[in-house]
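As stored in work_10.tsv (TSV, C-alpha atoms):
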chain	number	residue	atom	x	y	z
Q	1	GLU	CA	84.37	62.02	-61.81
Q	2	LEU	CA	81.28	63.96	-60.81
Q	3	THR	CA	82.41	66.92	-62.90
Q	4	ARG	CA	82.06	64.82	-66.08
Q	5	ILE	CA	78.61	63.35	-65.50
Q	6	SER	CA	76.84	65.37	-68.20
Q	7	ALA	CA	78.83	63.56	-70.93
Q	8	ASP	CA	77.97	60.07	-69.74
Q	9	ARG	CA	74.46	58.74	-70.29
Q	10	ASN	CA	74.89	55.89	-67.81
Q	11	ALA	CA	76.12	58.29	-65.16
Q	12	GLN	CA	73.06	60.43	-65.77
Q	13	TYR	CA	70.81	57.47	-65.05
Q	14	CYS	CA	72.79	56.66	-61.88
Q	15	LEU	CA	72.52	60.20	-60.57
Q	16	LEU	CA	68.81	60.29	-61.29
Q	17	VAL	CA	68.38	57.12	-59.26
Q	18	CYS	CA	70.50	58.52	-56.44
Q	19	HIS	CA	68.49	61.72	-56.43
Q	20	ALA	CA	65.26	59.77	-56.30
Q	21	SER	CA	66.51	57.90	-53.26
Q	22	GLN	CA	67.77	61.13	-51.63
Q	23	SER	CA	71.16	59.54	-50.95
Q	24	GLU	CA	72.89	61.69	-48.37
Q	25	ALA	CA	76.27	60.21	-49.29
Q	26	VAL	CA	75.87	61.29	-52.91
Q	27	LEU	CA	74.57	64.71	-51.86
Q	28	ALA	CA	77.60	65.16	-49.61
Q	29	ALA	CA	79.95	64.26	-52.47
Q	30	LEU	CA	78.15	66.64	-54.82
Q	31	LYS	CA	78.40	69.43	-52.26
Q	32	ASP	CA	82.18	69.03	-52.29
Q	33	VAL	CA	82.22	69.92	-56.00
Q	34	GLY	CA	79.77	72.78	-55.72
Q	35	TRP	CA	76.40	71.03	-56.13
Q	36	SER	CA	73.43	71.35	-53.80
Q	37	ARG	CA	70.21	69.42	-53.35
Q	38	ALA	CA	68.38	72.16	-55.26
Q	39	SER	CA	70.85	72.24	-58.15
Q	40	LEU	CA	70.78	68.44	-58.39
Q	41	LYS	CA	67.00	68.50	-58.53
Q	42	GLU	CA	67.08	71.11	-61.30
Q	43	TRP	CA	69.76	69.22	-63.26
Q	44	SER	CA	68.07	65.85	-62.89
Q	45	GLY	CA	64.80	67.26	-64.21
Q	46	THR	CA	66.57	68.60	-67.31
Q	47	ALA	CA	68.52	65.35	-67.74
Q	48	ALA	CA	65.34	63.32	-67.47
Q	49	GLU	CA	63.71	65.40	-70.21
Q	50	ASN	CA	66.78	65.05	-72.44
Q	51	LEU	CA	66.91	61.29	-71.90
Q	52	GLN	CA	63.21	60.96	-72.66
Q	53	ARG	CA	63.67	62.97	-75.86
Q	54	LEU	CA	66.62	60.78	-76.85
Q	55	ASP	CA	64.65	57.58	-76.26
Q	56	GLU	CA	61.68	58.94	-78.25
Q	57	GLU	CA	63.88	59.86	-81.21
Q	58	LEU	CA	65.68	56.51	-81.21
Q	59	ALA	CA	62.34	54.68	-81.08
Q	60	ALA	CA	61.15	56.68	-84.10
Q	61	LEU	CA	64.10	55.63	-86.27
Q	62	ASP	CA	63.18	53.34	-89.16
Q	63	GLN	CA	65.02	50.02	-88.85
Q	64	GLU	CA	66.09	50.06	-92.50
Q	65	LEU	CA	67.69	53.48	-92.05
Q	66	ALA	CA	69.26	52.37	-88.77
Q	67	ASP	CA	70.88	49.46	-90.59
Q	68	LYS	CA	72.21	51.82	-93.28
Q	69	ILE	CA	73.64	54.14	-90.62
Q	70	ASP	CA	75.25	51.17	-88.87
Q	71	GLY	CA	77.00	50.33	-92.14
Q	72	ILE	CA	78.12	53.93	-92.62
Q	73	LEU	CA	79.46	54.11	-89.08
Q	74	ALA	CA	81.34	50.84	-89.57
Q	75	ALA	CA	82.88	52.17	-92.80
Q	76	HIS	CA	84.16	55.18	-90.86
Q	77	GLY	CA	85.42	53.06	-87.99
Q	78	GLU	CA	82.84	54.66	-85.69
Q	79	ASP	CA	85.29	57.55	-85.41
Q	80	PRO	CA	83.72	60.78	-84.02
Q	81	THR	CA	86.41	62.83	-85.79
Q	82	GLN	CA	84.84	61.72	-89.10
Q	83	LEU	CA	81.46	63.16	-88.16
Q	84	VAL	CA	81.24	65.36	-91.28
Q	85	GLY	CA	81.85	62.44	-93.63
Q	86	ILE	CA	79.43	60.25	-91.67
Q	87	LEU	CA	76.66	62.83	-91.92
Q	88	LEU	CA	77.27	63.35	-95.64
Q	89	ASP	CA	76.88	59.60	-96.18
Q	90	VAL	CA	73.75	59.48	-94.01
Q	91	GLU	CA	72.19	62.30	-96.01
Q	92	ALA	CA	73.00	60.52	-99.26
Q	93	ALA	CA	71.27	57.39	-97.94
Q	94	VAL	CA	67.98	59.24	-97.35
Q	95	GLU	CA	65.75	59.63	-100.40
Q	96	ARG	CA	64.90	63.28	-99.68
Q	97	HIS	CA	68.59	64.07	-99.06
Q	98	TYR	CA	68.47	65.34	-95.50
Q	99	ILE	CA	69.27	64.09	-92.00
Q	100	PRO	CA	66.09	63.21	-90.08
Q	101	GLU	CA	66.05	64.16	-86.43
Q	102	ALA	CA	65.90	60.52	-85.35
Q	103	ALA	CA	68.97	59.77	-87.48
Q	104	ALA	CA	70.90	62.67	-85.95
Q	105	TYR	CA	70.15	61.41	-82.45
Q	106	TYR	CA	71.08	57.86	-83.44
Q	107	VAL	CA	74.45	58.99	-84.82
Q	108	ALA	CA	75.09	60.97	-81.64
Q	109	GLU	CA	74.23	57.98	-79.45
Q	110	ARG	CA	76.41	55.57	-81.44
Q	111	LEU	CA	79.40	57.92	-81.51
Q	112	GLY	CA	79.07	58.97	-77.89
Q	113	VAL	CA	78.71	62.67	-78.70
Q	114	LYS	CA	76.01	65.16	-77.81
Q	115	PRO	CA	73.13	65.71	-80.28
Q	116	THR	CA	73.97	69.42	-80.16
Q	117	GLN	CA	77.41	68.60	-81.58
Q	118	VAL	CA	75.78	66.81	-84.51
Q	119	TYR	CA	73.50	69.77	-85.18
Q	120	ASP	CA	76.40	72.21	-84.91
Q	121	VAL	CA	78.01	70.37	-87.82
Q	122	ILE	CA	74.77	70.23	-89.83
Q	123	SER	CA	74.14	73.95	-89.40
Q	124	PHE	CA	77.75	74.89	-90.25
Q	125	TYR	CA	78.13	72.99	-93.54
Q	126	THR	CA	75.88	74.07	-96.42
Q	127	ALA	CA	76.17	70.56	-97.92
Q	128	LEU	CA	74.19	69.18	-94.95
Q	129	HIS	CA	70.48	69.66	-94.35
Q	130	ASP	CA	68.04	68.89	-91.54
Q	131	LYS	CA	64.86	69.51	-93.59
Q	132	PRO	CA	63.51	67.33	-96.44
Q	133	ARG	CA	64.68	68.33	-99.88
Q	134	ALA	CA	63.62	67.24	-103.34
Q	135	LYS	CA	64.40	63.75	-104.52
Q	136	PHE	CA	66.30	65.37	-107.42
Q	137	THR	CA	67.98	68.69	-106.68
Q	138	LEU	CA	69.10	70.42	-109.89
Q	139	GLU	CA	72.24	72.37	-109.03
Q	140	VAL	CA	73.19	75.11	-111.49
Q	141	CYS	CA	76.66	76.65	-111.27
Q	142	SER	CA	76.67	80.38	-110.53
Q	143	SER	CA	80.38	80.97	-111.20
Q	144	ALA	CA	81.54	83.49	-113.81
Q	145	PRO	CA	82.97	80.95	-116.31
Q	146	CYS	CA	79.67	79.01	-116.45
Q	147	ARG	CA	77.65	82.20	-116.73
Q	148	VAL	CA	79.79	83.16	-119.73
Q	149	LYS	CA	78.82	79.77	-121.19
Q	150	ASP	CA	75.12	80.58	-120.73
Q	151	SER	CA	74.25	78.92	-117.43
Q	152	ASP	CA	71.79	81.79	-116.82
Q	153	THR	CA	69.75	80.66	-119.83
Q	154	LEU	CA	69.82	77.08	-118.52
Q	155	LEU	CA	68.54	78.30	-115.16
Q	156	GLU	CA	65.68	80.24	-116.72
Q	157	ARG	CA	64.67	77.27	-118.86
Q	158	LEU	CA	64.63	74.96	-115.85
Q	159	LYS	CA	62.50	77.43	-113.90
Q	160	ARG	CA	60.03	77.68	-116.79
Q	161	LEU	CA	59.84	73.95	-117.55
Q	162	LEU	CA	59.33	72.99	-113.89
Q	163	ASN	CA	57.34	76.09	-112.96
Q	164	LEU	CA	59.73	76.63	-110.06
Q	165	GLU	CA	61.80	79.35	-108.51
Q	166	VAL	CA	65.22	78.71	-107.00
Q	167	GLY	CA	64.82	77.04	-103.60
Q	168	GLN	CA	61.29	75.78	-104.23
Q	169	VAL	CA	60.24	72.12	-104.48
Q	170	THR	CA	57.68	70.65	-106.87
Q	171	TYR	CA	54.37	69.56	-105.32
Q	172	ASP	CA	55.35	65.89	-105.61
Q	173	GLY	CA	58.73	66.40	-103.94
Q	174	ARG	CA	60.66	65.28	-107.03
Q	175	PHE	CA	62.49	68.41	-108.18
Q	176	SER	CA	64.05	71.56	-106.83
Q	177	ILE	CA	66.52	74.07	-108.26
Q	178	GLU	CA	69.55	75.47	-106.48
Q	179	GLN	CA	72.34	77.81	-107.52
Q	180	VAL	CA	75.71	76.62	-106.21
Q	181	PRO	CA	79.40	77.51	-106.52
Q	182	CYS	CA	81.59	75.87	-109.15
Q	183	PHE	CA	81.43	72.06	-109.14
Q	184	GLY	CA	84.16	71.54	-111.75
Q	185	ALA	CA	82.08	71.07	-114.90
Q	186	CYS	CA	83.13	74.18	-116.83
Q	187	ASP	CA	84.24	72.03	-119.79
Q	188	VAL	CA	80.69	70.72	-120.34
Q	189	SER	CA	78.81	73.86	-119.31
Q	190	PRO	CA	75.98	74.73	-119.32
Q	191	ALA	CA	75.51	71.84	-116.94
Q	192	VAL	CA	73.60	70.75	-113.86
Q	193	ARG	CA	74.62	68.43	-111.04
Q	194	VAL	CA	71.92	66.13	-109.75
Q	195	ASN	CA	72.67	64.11	-106.60
Q	196	GLY	CA	76.35	64.11	-107.44
Q	197	VAL	CA	75.97	63.29	-111.16
Q	198	VAL	CA	76.84	65.96	-113.77
Q	199	TYR	CA	74.73	66.38	-116.91
Q	200	GLY	CA	76.49	68.61	-119.43
Q	201	HIS	CA	75.96	70.42	-122.73
Q	202	LEU	CA	72.41	71.41	-121.78
Q	203	ASP	CA	72.32	74.15	-124.38
Q	204	SER	CA	68.83	73.46	-125.72
Q	205	GLU	CA	65.38	72.82	-124.32
Q	206	GLU	CA	65.35	69.38	-125.95
Q	207	ARG	CA	68.51	68.32	-124.11
Q	208	ILE	CA	67.16	69.64	-120.83
Q	209	LEU	CA	63.92	67.70	-121.25
Q	210	ASP	CA	65.90	64.55	-122.13
Q	211	MET	CA	67.94	64.97	-118.94
Q	212	LEU	CA	64.80	65.41	-116.82
Q	213	GLN	CA	63.25	62.28	-118.33
Q	214	GLN	CA	66.31	60.25	-117.30
Q	215	LEU	CA	65.77	61.09	-113.64
Using structure tokens, write down the structure from this file.
Amino acid sequence: ELTRISADRNAQYCLLVCHASQSEAVLAALKDVGWSRASLKEWSGTAAENLQRLDEELAALDQELADKIDGILAAHGEDPTQLVGILLDVEAAVERHYIPEAAAYYVAERLGVKPTQVYDVISFYTALHDKPRAKFTLEVCSSAPCRVKDSDTLLERLKRLLNLEVGQVTYDGRFSIEQVPCFGACDVSPAVRVNGVVYGHLDSEERILDMLQQL
């Protein structure tokens, strides 16, 4: 059991208490599995810092967002194997389309996984983000079929109208432009995808401006 303590938050608390009391019985048991008083002291200090960080992040979580995450977790049956889908839904629930640190820690705590596991998933999938993005991210397809249908002209017009380069965000946080792989809108290209919604046939500046005004 002592070899699995790092995965159990309650066990971490118990060991910290035992260390504080200098329990010889616990120290003897730890010695049997390769731990010493010095290694326990080092581990407990690190565990204490991690637990403090966890408590700080959970305290910083907005209650409204916590309620939304609770609903998302319930919809996924609080299943850790659905972590990717859970994080995608959490990101969609945040106005700036990213996963705040407090939310990542909350998801980890509720699912019983390590925060590092959550961040491994966030860093691996390009659809997930841990930094604030624009409220409206204009995604322009960079695939060959859309470029044949003049998506490059659409991109240049968006950059000029918004005074933005790809990857930048407007001063008010409303718009950004990204180039992405095919999102299945070749039939209505040139098109953009904004927060999951496709706007097609943007072949003139007037149509682009009309689309922007709808957002």
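Straight-line separation from CA of Asp70 (chain Q) to CA of His129 (chain Q): 19.9 Å.
Compared by their closest atoms to Pro80 (chain Q), and using all atoms listed in the file, the residues Q:Asp187, Q:Glu109, Q:Glu156, Q:Asp172 rank with Q:Glu109 nearest.
CA of Ala134 (chain Q) is positioned 25.5 Å from CA of Thr116 (chain Q).
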Would you list the residues near (73.5, 70.1, -115.3), meaning any protein, DNA or RNA residue with an atom at most 9 Å from that point in file coordinates, counting only C-alpha atoms, as a PDB file with C-alpha atoms, in the coordinates of the input?
ATOM      1  CA  LEU Q 138      69.100  70.420-109.890  1.00  0.00           C
ATOM      2  CA  GLU Q 139      72.240  72.370-109.030  1.00  0.00           C
ATOM      3  CA  VAL Q 140      73.190  75.110-111.490  1.00  0.00           C
ATOM      4  CA  CYS Q 141      76.660  76.650-111.270  1.00  0.00           C
ATOM      5  CA  LEU Q 154      69.820  77.080-118.520  1.00  0.00           C
ATOM      6  CA  ALA Q 185      82.080  71.070-114.900  1.00  0.00           C
ATOM      7  CA  VAL Q 188      80.690  70.720-120.340  1.00  0.00           C
ATOM      8  CA  SER Q 189      78.810  73.860-119.310  1.00  0.00           C
ATOM      9  CA  PRO Q 190      75.980  74.730-119.320  1.00  0.00           C
ATOM     10  CA  ALA Q 191      75.510  71.840-116.940  1.00  0.00           C
ATOM     11  CA  VAL Q 192      73.600  70.750-113.860  1.00  0.00           C
ATOM     12  CA  ARG Q 193      74.620  68.430-111.040  1.00  0.00           C
ATOM     13  CA  VAL Q 194      71.920  66.130-109.750  1.00  0.00           C
ATOM     14  CA  VAL Q 197      75.970  63.290-111.160  1.00  0.00           C
ATOM     15  CA  VAL Q 198      76.840  65.960-113.770  1.00  0.00           C
ATOM     16  CA  TYR Q 199      74.730  66.380-116.910  1.00  0.00           C
ATOM     17  CA  GLY Q 200      76.490  68.610-119.430  1.00  0.00           C
ATOM     18  CA  HIS Q 201      75.960  70.420-122.730  1.00  0.00           C
ATOM     19  CA  LEU Q 202      72.410  71.410-121.780  1.00  0.00           C
ATOM     20  CA  ILE Q 208      67.160  69.640-120.830  1.00  0.00           C
ATOM     21  CA  MET Q 211      67.940  64.970-118.940  1.00  0.00           C
TER      22      MET Q 211
END
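Using only C-alpha atoms, the residues found no farther than 12 Å from Leu161 (chain Q), other than those of its own chain fewer than 2 positions away, are Q:Leu154, Q:Leu155, Q:Glu156, Q:Arg157, Q:Leu158, Q:Lys159, Q:Asn163, Q:Leu164, Q:Glu165, Q:Thr170, Q:Phe175, Q:Ser176, Q:Ile177, Q:Glu205, Q:Glu206, Q:Ile208, Q:Leu209, Q:Leu212.
Minimum atom-to-atom distance to Asp89 (chain Q), evaluated using all atoms listed in the file, belongs to Q:Gly71 out of Q:Val113, Q:Gly71, Q:Phe136, Q:Gly77.
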>> Considering only C-alpha atoms, can you say which of Q:Pro100, Q:Gly85, Q:Pro132, Q:Pro145 comes closest to Leu65 (chain Q)?
In response: Q:Pro100
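Nearest-residue note for Pro181 (chain Q): choosing from Q:Ser142, Q:Gln213, Q:Gly196, Q:Ala102, the minimum distance belongs to Q:Ser142, counting only C-alpha atoms.
Across the model, the gap from CA of Gly167 (chain Q) to CA of Arg96 (chain Q) is 14.3 Å.
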Tell me, as a compact mmCIF listing (two decimals) with C-alpha atoms, in the coordinates of the input, which residues lie within 12 Å of Tyr125 (chain Q), counting all atoms listed in the file; anything in the same chain fewer than 3 positions away does not count.
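Saved file part.txt follows:
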# COMPACT_ATOMS: atom_id res chain seq x y z
CA LEU Q 83 81.46 63.16 -88.16
CA VAL Q 84 81.24 65.36 -91.28
CA GLY Q 85 81.85 62.44 -93.63
CA LEU Q 87 76.66 62.83 -91.92
CA LEU Q 88 77.27 63.35 -95.64
CA VAL Q 118 75.78 66.81 -84.51
CA TYR Q 119 73.50 69.77 -85.18
CA ASP Q 120 76.40 72.21 -84.91
CA VAL Q 121 78.01 70.37 -87.82
CA ILE Q 122 74.77 70.23 -89.83
CA LEU Q 128 74.19 69.18 -94.95
CA HIS Q 129 70.48 69.66 -94.35
CA ASP Q 130 68.04 68.89 -91.54
The centre and edge lengths of an axis-aligned box containing all atoms of region 139-149 of chain Q present in the file, extended by 8 Å on each side, are to be given in Å to one decimal, as AutoDock Vina command-line options.
--center_x 77.6 --center_y 77.9 --center_z -115.1 --size_x 26.7 --size_y 27.1 --size_z 28.2
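Distance check against Asp152 (chain Q) using all atoms listed in the file: of Q:Glu64, Q:Gln179, Q:Gly184, Q:Ala108, the minimum falls on Q:Gln179.
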